[in-house]
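Containing PDB, C-alpha atoms: upload_32.pdb.
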```pdb
ATOM      1  CA  MET W 272      -0.216 -53.075  10.725
ATOM      2  CA  LEU W 273      -3.656 -54.047   9.569
ATOM      3  CA  GLU W 274      -4.992 -54.698   6.117
ATOM      4  CA  PHE W 275      -8.239 -53.083   5.036
ATOM      5  CA  LYS W 276     -10.369 -53.550   1.948
ATOM      6  CA  TYR W 277     -12.123 -50.372   0.910
ATOM      7  CA  THR W 278     -14.506 -49.027  -1.669
ATOM      8  CA  ALA W 279     -14.187 -45.338  -2.491
ATOM      9  CA  SER W 280     -15.270 -42.831  -5.078
ATOM     10  CA  ASP W 281     -13.230 -40.139  -6.764
ATOM     11  CA  PRO W 282     -14.442 -36.560  -7.438
ATOM     12  CA  GLU W 283     -15.890 -37.629 -10.803
ATOM     13  CA  GLY W 284     -17.961 -40.339  -9.098
ATOM     14  CA  ALA W 285     -15.992 -43.362 -10.333
ATOM     15  CA  ILE W 286     -16.032 -46.128  -7.739
ATOM     16  CA  SER W 287     -13.019 -48.335  -7.089
ATOM     17  CA  GLY W 288     -11.993 -50.880  -4.505
ATOM     18  CA  HIS W 289      -8.543 -51.842  -3.286
ATOM     19  CA  THR W 290      -6.689 -53.041  -0.244
ATOM     20  CA  ILE W 291      -4.619 -50.747   1.915
ATOM     21  CA  ILE W 292      -2.305 -51.222   4.865
ATOM     22  CA  ALA W 293      -2.656 -48.917   7.837
ATOM     23  CA  GLU W 294      -2.396 -48.888  11.619
ATOM     24  CA  ASN W 295      -6.102 -48.130  12.082
ATOM     25  CA  GLU W 296      -9.245 -46.872  10.354
ATOM     26  CA  GLU W 297      -8.320 -43.231  10.952
ATOM     27  CA  GLU W 298      -5.071 -43.666   9.017
ATOM     28  CA  VAL W 299      -7.036 -45.234   6.140
ATOM     29  CA  LEU W 300      -9.266 -42.152   6.041
ATOM     30  CA  ILE W 301      -6.214 -39.879   6.028
ATOM     31  CA  GLN W 302      -4.576 -41.833   3.187
ATOM     32  CA  LEU W 303      -7.773 -41.803   1.120
ATOM     33  CA  LYS W 304      -8.242 -38.073   1.715
ATOM     34  CA  ARG W 305      -4.690 -37.474   0.408
ATOM     35  CA  GLN W 306      -5.703 -39.323  -2.756
ATOM     36  CA  ASN W 307      -8.869 -37.197  -3.001
ATOM     37  CA  LEU W 308     -11.119 -40.239  -2.511
ATOM     38  CA  THR W 309     -14.368 -40.473  -0.538
ATOM     39  CA  LEU W 310     -14.797 -43.638   1.504
ATOM     40  CA  ILE W 311     -17.904 -45.705   0.814
ATOM     41  CA  ASN W 312     -17.124 -48.976   2.604
ATOM     42  CA  LEU W 313     -14.284 -50.203   4.808
ATOM     43  CA  LYS W 314     -13.585 -53.701   6.106
ATOM     44  CA  GLU W 315     -10.633 -54.975   8.099
ATOM     45  CA  LEU W 316      -9.218 -58.175   6.631
ATOM     46  CA  GLU W 317      -7.884 -61.002   8.741
ATOM     47  CA  GLU W 318      -4.156 -61.507   8.509
ATOM     48  CA  ALA W 319      -3.260 -64.458   6.337
ATOM     49  CA  LYS W 320      -0.975 -66.917   8.011
ATOM     50  CA  VAL W 321       1.903 -68.305   5.992
ATOM     51  CA  SER W 322       1.504 -72.031   6.505
ATOM     52  CA  SER W 323       4.184 -74.648   5.996
ATOM     53  CA  PHE W 324       2.132 -75.813   3.000
ATOM     54  CA  ASP W 325       2.412 -72.331   1.463
ATOM     55  CA  LYS W 326       6.112 -72.135   2.276
ATOM     56  CA  TYR W 327       6.755 -75.377   0.408
ATOM     57  CA  PHE W 328       4.355 -75.271  -2.540
ATOM     58  CA  ASN W 329       4.171 -71.505  -2.983
ATOM     59  CA  ARG W 330       7.749 -70.754  -2.076
ATOM     60  CA  VAL W 331       9.442 -67.708  -3.471
ATOM     61  CA  THR W 332      11.847 -68.838  -6.180
ATOM     62  CA  SER W 333      14.910 -66.967  -7.306
ATOM     63  CA  GLU W 334      13.009 -66.181 -10.528
ATOM     64  CA  ASP W 335      10.280 -64.545  -8.418
ATOM     65  CA  LYS W 336      12.884 -62.524  -6.534
ATOM     66  CA  ALA W 337      14.601 -61.444  -9.761
ATOM     67  CA  GLN W 338      11.301 -60.320 -11.247
ATOM     68  CA  PHE W 339      10.338 -58.532  -8.029
ATOM     69  CA  LEU W 340      13.653 -56.639  -7.892
ATOM     70  CA  GLU W 341      13.539 -55.789 -11.595
ATOM     71  CA  TYR W 342      10.009 -54.378 -11.372
ATOM     72  CA  PHE W 343      10.894 -52.554  -8.163
ATOM     73  CA  ALA W 344      13.810 -50.856  -9.934
ATOM     74  CA  SER W 345      11.778 -49.946 -13.018
ATOM     75  CA  MET W 346       9.016 -48.400 -10.882
ATOM     76  CA  LEU W 347      11.589 -46.373  -8.927
ATOM     77  CA  ASN W 348      13.083 -45.201 -12.235
ATOM     78  CA  ALA W 349       9.583 -44.150 -13.297
ATOM     79  CA  GLY W 350       9.516 -41.753 -10.360
ATOM     80  CA  LEU W 351       7.386 -43.641  -7.828
ATOM     81  CA  SER W 352       8.309 -43.527  -4.158
ATOM     82  CA  VAL W 353       9.359 -46.696  -2.338
ATOM     83  CA  SER W 354       6.079 -46.630  -0.409
ATOM     84  CA  ASP W 355       4.014 -46.343  -3.614
ATOM     85  CA  VAL W 356       5.958 -49.182  -5.241
ATOM     86  CA  LEU W 357       5.343 -51.436  -2.253
ATOM     87  CA  GLN W 358       1.618 -50.634  -2.268
ATOM     88  CA  ALA W 359       1.413 -51.458  -5.979
ATOM     89  CA  PHE W 360       3.187 -54.767  -5.410
ATOM     90  CA  TYR W 361       1.090 -55.697  -2.418
ATOM     91  CA  GLU W 362      -2.103 -55.542  -4.440
ATOM     92  CA  ASP W 363      -0.723 -57.808  -7.182
ATOM     93  CA  LEU W 364       1.345 -60.470  -5.401
ATOM     94  CA  ASP W 365       0.077 -64.015  -5.150
ATOM     95  CA  LYS W 366       2.884 -65.615  -3.115
ATOM     96  CA  PRO W 367       1.949 -65.428   0.600
ATOM     97  CA  GLN W 368       5.545 -65.201   1.822
ATOM     98  CA  LEU W 369       6.419 -62.366  -0.567
ATOM     99  CA  ARG W 370       3.131 -60.632   0.239
ATOM    100  CA  LYS W 371       3.948 -60.752   3.972
ATOM    101  CA  PHE W 372       7.430 -59.379   3.226
ATOM    102  CA  VAL W 373       5.955 -56.435   1.304
ATOM    103  CA  LYS W 374       3.402 -55.740   4.053
ATOM    104  CA  ASP W 375       6.080 -55.754   6.769
ATOM    105  CA  THR W 376       8.397 -53.638   4.613
ATOM    106  CA  GLN W 377       5.648 -51.042   4.087
ATOM    107  CA  PHE W 378       5.183 -50.863   7.847
ATOM    108  CA  ALA W 379       8.929 -50.498   8.398
ATOM    109  CA  ILE W 380       9.230 -47.694   5.812
ATOM    110  CA  ARG W 381       6.288 -45.817   7.337
ATOM    111  CA  ASN W 382       7.976 -46.024  10.726
ATOM    112  CA  GLY W 383      11.168 -44.437   9.410
ATOM    113  CA  ARG W 384      13.317 -47.521   8.870
ATOM    114  CA  GLN W 385      15.557 -47.906   5.861
ATOM    115  CA  LEU W 386      14.628 -50.285   3.046
ATOM    116  CA  SER W 387      17.846 -52.244   3.644
ATOM    117  CA  ASP W 388      16.862 -52.804   7.278
ATOM    118  CA  ALA W 389      13.480 -54.156   6.202
ATOM    119  CA  PHE W 390      15.189 -56.527   3.736
ATOM    120  CA  ALA W 391      17.544 -57.644   6.538
ATOM    121  CA  ASP W 392      14.500 -58.837   8.514
ATOM    122  CA  TYR W 393      13.996 -61.548   5.859
ATOM    123  CA  PRO W 394      17.318 -63.393   5.529
ATOM    124  CA  ASP W 395      15.517 -66.434   4.107
ATOM    125  CA  LEU W 396      14.418 -64.323   1.122
ATOM    126  CA  PHE W 397      17.302 -61.884   0.759
ATOM    127  CA  PRO W 398      20.823 -62.807   1.881
ATOM    128  CA  GLN W 399      23.227 -60.382   3.499
ATOM    129  CA  LEU W 400      24.839 -59.538   0.137
ATOM    130  CA  PHE W 401      21.483 -58.189  -1.086
ATOM    131  CA  VAL W 402      21.033 -56.145   2.063
ATOM    132  CA  GLY W 403      24.509 -54.670   1.639
ATOM    133  CA  MET W 404      23.887 -53.759  -2.009
ATOM    134  CA  ILE W 405      20.592 -52.106  -1.125
ATOM    135  CA  LYS W 406      22.263 -50.187   1.698
ATOM    136  CA  VAL W 407      24.925 -48.933  -0.737
ATOM    137  CA  GLY W 408      22.209 -47.949  -3.222
ATOM    138  CA  GLU W 409      20.337 -46.009  -0.542
ATOM    139  CA  ALA W 410      23.461 -44.197   0.621
ATOM    140  CA  SER W 411      24.641 -43.297  -2.870
ATOM    141  CA  GLY W 412      21.228 -42.459  -4.349
ATOM    142  CA  THR W 413      21.450 -45.314  -6.839
ATOM    143  CA  LEU W 414      18.884 -47.674  -5.324
ATOM    144  CA  ALA W 415      17.233 -48.484  -8.655
ATOM    145  CA  GLU W 416      20.600 -49.375 -10.213
ATOM    146  CA  SER W 417      21.483 -51.570  -7.228
ATOM    147  CA  LEU W 418      18.165 -53.424  -7.503
ATOM    148  CA  THR W 419      18.666 -53.883 -11.245
ATOM    149  CA  GLY W 420      22.148 -55.290 -10.628
ATOM    150  CA  LEU W 421      20.794 -57.741  -8.054
ATOM    151  CA  ALA W 422      18.050 -58.858 -10.450
ATOM    152  CA  GLU W 423      20.627 -59.438 -13.198
ATOM    153  CA  GLN W 424      22.810 -61.412 -10.787
ATOM    154  CA  LEU W 425      19.870 -63.640  -9.867
ATOM    155  CA  LYS W 426      19.060 -64.209 -13.538
ATOM    156  CA  LYS W 427      22.659 -65.232 -14.235
ATOM    157  CA  GLU W 428      22.612 -67.619 -11.271
ATOM    158  CA  ASN W 429      19.362 -69.145 -12.551
ATOM    159  CA  GLU W 430      20.841 -69.633 -16.024
ATOM    160  CA  LEU W 431      23.915 -71.299 -14.557
ATOM    161  CA  LYS W 432      21.798 -73.595 -12.372
ATOM    162  CA  SER W 433      19.704 -74.527 -15.391
ATOM    163  CA  LYS W 434      22.798 -75.349 -17.435
ATOM    164  CA  VAL W 435      24.229 -77.477 -14.621
ATOM    165  CA  LYS W 436      20.914 -79.358 -14.253
ATOM    166  CA  ASN W 437      20.752 -79.978 -17.985
ATOM    167  CA  ALA W 438      24.362 -81.209 -17.984
ATOM    168  CA  MET W 439      23.618 -83.535 -15.068
ATOM    169  CA  ILE W 440      20.576 -84.937 -16.873
ATOM    170  CA  TYR W 441      22.559 -85.416 -20.066
TER     171      TYR W 441
END
```
Could you render the structure from this file as C-alpha cells?
Amino acid sequence: MLEFKYTASDPEGAISGHTIIAENEEEVLIQLKRQNLTLINLKELEEAKVSSFDKYFNRVTSEDKAQFLEYFASMLNAGLSVSDVLQAFYEDLDKPQLRKFVKDTQFAIRNGRQLSDAFADYPDLFPQLFVGMIKVGEASGTLAESLTGLAEQLKKENELKSKVKNAMIY
C-alpha cells in the first residue's frame, strides 16, 4: 500500500487536503469519486521507516493503546465502518509505530482479512489475549464492546502499575 497526499474540491468548491492510503493512483481517484470530490493535486509520499530511535523514544505505551481502543470503540458505536475509523486515526496519529500498524491494518481490511488477523500481525503491540477478544467481538457482533473492555483492562493495569511504583518509591 502507498500513501498519497491529495488536494481536492467538493461540489460547493471548498478545497481540502488529506492523506489517503491506496494501492495506486487509480484507486485514489475511485475513492475520491465515491466521496464526491474532484482531485486537484496528488503526490505519493515516501514510506516512513520506524527507526530504533522512534521505537524507543516514541514507543506506544499502554496508555496510548487504551486510548486508541477506546476511541476505536466509540467511533464504531457512532456508526462508522472499521475502514473509516482506521482512516480517521491514520490522519491524526503521531506515533510512527502505531501509524504503521493502522496503515497495515487498513490494507489488510481492504484485502478481506479480519480485524483480529491484522491485530495478530503485531504481537509486540497487542498480545494474543487482545486478538482473541477482538475475534470473539467480530464473531458475536459486539466488536465495540470488546474493544471497550480491552481499553478498561489496560486502564486498570496502568492504575495498578502506578500504585506499585508509588509504593516502591515510598
Exercise for the section: Rounded to one decimal place, report the CA of Ser433 (chain W)-CA of Arg330 (chain W) distance in Å. Expected result: 18.3 Å
Decode the PyMOL selection byres ((chain W and resi 315) around 7) for the given file into explicit residues and return them as a compact mmCIF listing (two decimals) with C-alpha atoms, in the coordinates of the input.
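Okay, this is what ended up in selection-v7.txt:
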```txt
# COMPACT_ATOMS: atom_id res chain seq x y z
CA GLU W 274 -4.99 -54.70 6.12
CA PHE W 275 -8.24 -53.08 5.04
CA LYS W 276 -10.37 -53.55 1.95
CA LEU W 313 -14.28 -50.20 4.81
CA LYS W 314 -13.58 -53.70 6.11
CA LEU W 316 -9.22 -58.18 6.63
CA GLU W 317 -7.88 -61.00 8.74
```
Problem - Near-Ser280 (chain W) list (8 Å; all atoms listed in the file; drop same-chain fewer than 6 positions) as a ChimeraX atom specification - result: /W:286-287,308-311
Print the selection's residues with C-alpha atoms to a file, as a PDB file, in the frame of the given file.
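selection-v7.pdb written:
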```
ATOM      1  CA  ILE W 286     -16.032 -46.128  -7.739  1.00  0.00           C
ATOM      2  CA  SER W 287     -13.019 -48.335  -7.089  1.00  0.00           C
ATOM      3  CA  LEU W 308     -11.119 -40.239  -2.511  1.00  0.00           C
ATOM      4  CA  THR W 309     -14.368 -40.473  -0.538  1.00  0.00           C
ATOM      5  CA  LEU W 310     -14.797 -43.638   1.504  1.00  0.00           C
ATOM      6  CA  ILE W 311     -17.904 -45.705   0.814  1.00  0.00           C
TER       7      ILE W 311
END
```
Practice task
Can you pull out every residue within 10 Å of region 385-390 of chain W, counting only C-alpha atoms, but drop anything in the same chain fewer than 3 positions away, and send it as number ranges by chain?
Solution key: W: 353-354, 372-373, 375-382, 393-399, 401-409, 414
Exercise for the section: Find the distance between CA of Gln302 (chain W) and CA of Asn348 (chain W) and write it in Å to one decimal. Expected result: 23.7 Å
Could you tell me which residues the PyMOL selection byres ((chain W and resi 422-432) around 12) grabs in this file, written as a compact mmCIF listing (two decimals) with C-alpha atoms, in the coordinates of the input?
```txt
# COMPACT_ATOMS: atom_id res chain seq x y z
CA THR W 332 11.85 -68.84 -6.18
CA SER W 333 14.91 -66.97 -7.31
CA GLU W 334 13.01 -66.18 -10.53
CA ASP W 335 10.28 -64.54 -8.42
CA LYS W 336 12.88 -62.52 -6.53
CA ALA W 337 14.60 -61.44 -9.76
CA GLN W 338 11.30 -60.32 -11.25
CA PHE W 339 10.34 -58.53 -8.03
CA LEU W 340 13.65 -56.64 -7.89
CA GLU W 341 13.54 -55.79 -11.60
CA TYR W 342 10.01 -54.38 -11.37
CA PHE W 343 10.89 -52.55 -8.16
CA ALA W 344 13.81 -50.86 -9.93
CA SER W 345 11.78 -49.95 -13.02
CA PHE W 397 17.30 -61.88 0.76
CA PRO W 398 20.82 -62.81 1.88
CA LEU W 400 24.84 -59.54 0.14
CA PHE W 401 21.48 -58.19 -1.09
CA MET W 404 23.89 -53.76 -2.01
CA ILE W 405 20.59 -52.11 -1.12
CA ALA W 415 17.23 -48.48 -8.65
CA GLU W 416 20.60 -49.38 -10.21
CA SER W 417 21.48 -51.57 -7.23
CA LEU W 418 18.16 -53.42 -7.50
CA THR W 419 18.67 -53.88 -11.24
CA GLY W 420 22.15 -55.29 -10.63
CA LEU W 421 20.79 -57.74 -8.05
CA SER W 433 19.70 -74.53 -15.39
CA LYS W 434 22.80 -75.35 -17.43
CA VAL W 435 24.23 -77.48 -14.62
CA LYS W 436 20.91 -79.36 -14.25
CA ASN W 437 20.75 -79.98 -17.98
CA ALA W 438 24.36 -81.21 -17.98
CA MET W 439 23.62 -83.54 -15.07
```
Practice task
Kindly provide, as a list in words, the polymer residues lying within 12 Å of (-1.0, -42.4, 4.3), counting all atoms listed in the file and using the coordinates exactly as they appear in the file.
Solution key: Ile291, Ile292, Ala293, Glu294, Asn295, Glu296, Glu297, Glu298, Val299, Leu300, Ile301, Gln302, Leu303, Lys304, Arg305, Gln306, Asn307, Ser354, Asp355, Gln358, Gln377, Phe378, Ile380, Arg381 and Asn382 of chain W
Those selected residues, please, written with C-alpha atoms and delivered as a compact mmCIF listing (two decimals), in the coordinates of the input.
```
# COMPACT_ATOMS: atom_id res chain seq x y z
CA ILE W 291 -4.62 -50.75 1.92
CA ILE W 292 -2.31 -51.22 4.86
CA ALA W 293 -2.66 -48.92 7.84
CA GLU W 294 -2.40 -48.89 11.62
CA ASN W 295 -6.10 -48.13 12.08
CA GLU W 296 -9.24 -46.87 10.35
CA GLU W 297 -8.32 -43.23 10.95
CA GLU W 298 -5.07 -43.67 9.02
CA VAL W 299 -7.04 -45.23 6.14
CA LEU W 300 -9.27 -42.15 6.04
CA ILE W 301 -6.21 -39.88 6.03
CA GLN W 302 -4.58 -41.83 3.19
CA LEU W 303 -7.77 -41.80 1.12
CA LYS W 304 -8.24 -38.07 1.72
CA ARG W 305 -4.69 -37.47 0.41
CA GLN W 306 -5.70 -39.32 -2.76
CA ASN W 307 -8.87 -37.20 -3.00
CA SER W 354 6.08 -46.63 -0.41
CA ASP W 355 4.01 -46.34 -3.61
CA GLN W 358 1.62 -50.63 -2.27
CA GLN W 377 5.65 -51.04 4.09
CA PHE W 378 5.18 -50.86 7.85
CA ILE W 380 9.23 -47.69 5.81
CA ARG W 381 6.29 -45.82 7.34
CA ASN W 382 7.98 -46.02 10.73
```
